[in-house]
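Structure first, then comments.
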2 protein chains.
Amino acid sequence: MDTHLHHEKHFQASDLVRDVVIGMADGLTVPFALAAGISGVAVSVNTVITAGFAEIAAGAIAMGLGGYLAARSQSDHYVAEMAREESEIVEKPDAEAAEVAEIFEHYGLTAEHYAPVIRGLRERPIAWRDFMMRFELGLERPDPGRAQRSAITIGASYVVGGTIPLAPYVFLHSVSLALPWSAAVTLAALGIFGYVKARLTGAAPLHSAVQTMGIGGIAAAAAFALARAIS
Amino acid sequence: MDTHLHHEKHFQASDLVRDVVIGMADGLTVPFALAAGISGVAVSVNTVITAGFAEIAAGAIAMGLGGYLAARSQSDHYVAEMAREESEIVEKPDAEAAEVAEIFEHYGLTAEHYAPVIRGLRERPIAWRDFMMRFELGLERPDPGRAQRSAITIGASYVVGGTIPLAPYVFLHSVSLALPWSAAVTLAALGIFGYVKARLTGAAPLHSAVQTMGIGGIAAAAAFALARAIS
């Protein structure tokens, strides 16, 4: 039982990390690339700042509410599938039993191995339903507060990430002075972000730092080139 | 076996739908909200177009490459966990057998039910490894081409979505004329997108259409208000 509780905790923490990563990866990259892109076409520093913060507001809301709806629809899907499994277990227990058999046969097991499991599940309908949710459908029971937490975490991470590349424009109040500083602090932040993300998720930290810096740099270069080409 | 193949196909189709939804939801919302936001502060139509397409380039690359790396790291994670399960089955089969027991005990089953399954798995080490991947860790074997497909689908969907709100600015070449058209075509596109998304994923279509239109509207209103407040 203790190990199970530990498992659940681990799972929630990784959901939080996942949401911060989702929000911050785009928050650091897109406003930076947008600001760099329009910096190349001789607009005023006020336009860069206005467009940058408008993008942060739009991006944070779109991603935060998008995350909220994604978590909500995952949860609705779970509830709907659970009701379906419940009624199938009550109404067509033999068909459900055949589905359990199919699961085990996929691993080369035969009736002599799984028949007792089916017998045990038939005597425990609630456990049978939960067993089918996990092992037939591969669905985890969603955490009820997840949708709201996810929305706030993703949105806030986007705002925090997006403020970093815009800060030099606000403080130096000159496009030509701010652009190299924005690039420098953002690439540094992307590197740190990639490094920490990899440490938390168990990937190779330096490799990850270079990757996130690369995405930011490529996105900014593309935005810069496109803005130049258009105007 | 046929049902299993059918299952796999279903799964791939829903991955594609998921990627289109990820890219298009943000592609329709963020460039629209950005363009609407800076339209409110008396910039030239060229600035709106430049900022809008710079955002599309940055957003499509950030989300596309982000999707690529997410799919790649999921695949790396699977391979690493599979190697760990393999060595545990060879080196500590009794500990692994205890883990199988724990899985079934979670559903109220006892040794009389699951002992034959453990016996069968011990005779089939490869199947045992795959069984642990799915039933202990809840991991699905990732599709090898998924990362690249995912990147292209998400990025292209972002570009398609983002081009819709910007088209009126390009064709009408006037901020004041284009803004209401941009809002109208984008809200219509968000409504259609929300409706079709719900039909493909089995949710309530009208509810979903209103939700996606709401997110777009809220994001645009926030970007508009923030842009006004700054300048």
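Residues are named by chain letter and number: chains run A, B, ... in the order of the structure tokens, numbers start at 1 in each chain, and ligands are numbered from 1 in the order shown.
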
Please identify every residue of chain B that has at least one atom no more than 6 Å from any atom of chain A, counting only C-alpha atoms, and report them as a list of chain:residue names. B:Val30, B:Ala33, B:Leu34, B:Gly37, B:Thr50, B:Ala54, B:Glu55, B:Ala57, B:Ala58, B:Gly59, B:Ile61, B:Tyr107, B:His113, B:Tyr114, B:Pro116, B:Val117, B:Ala127, B:Ala219, B:Ala223, B:Ala227

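Straight-line separation from atom CA of Val45 of chain A to atom CA of Ala183 of chain A: 15.4 Å.
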
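As for atom CA of Pro125 of chain A and atom CA of Ile89 of chain A, they are spaced 7.1 Å apart.
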
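With only C-alpha atoms as the atoms that count, the minimum distance from Met213 of chain B to the choices B:Ala98, B:Leu179, B:Ile192, B:Met132 is reached by B:Ile192.
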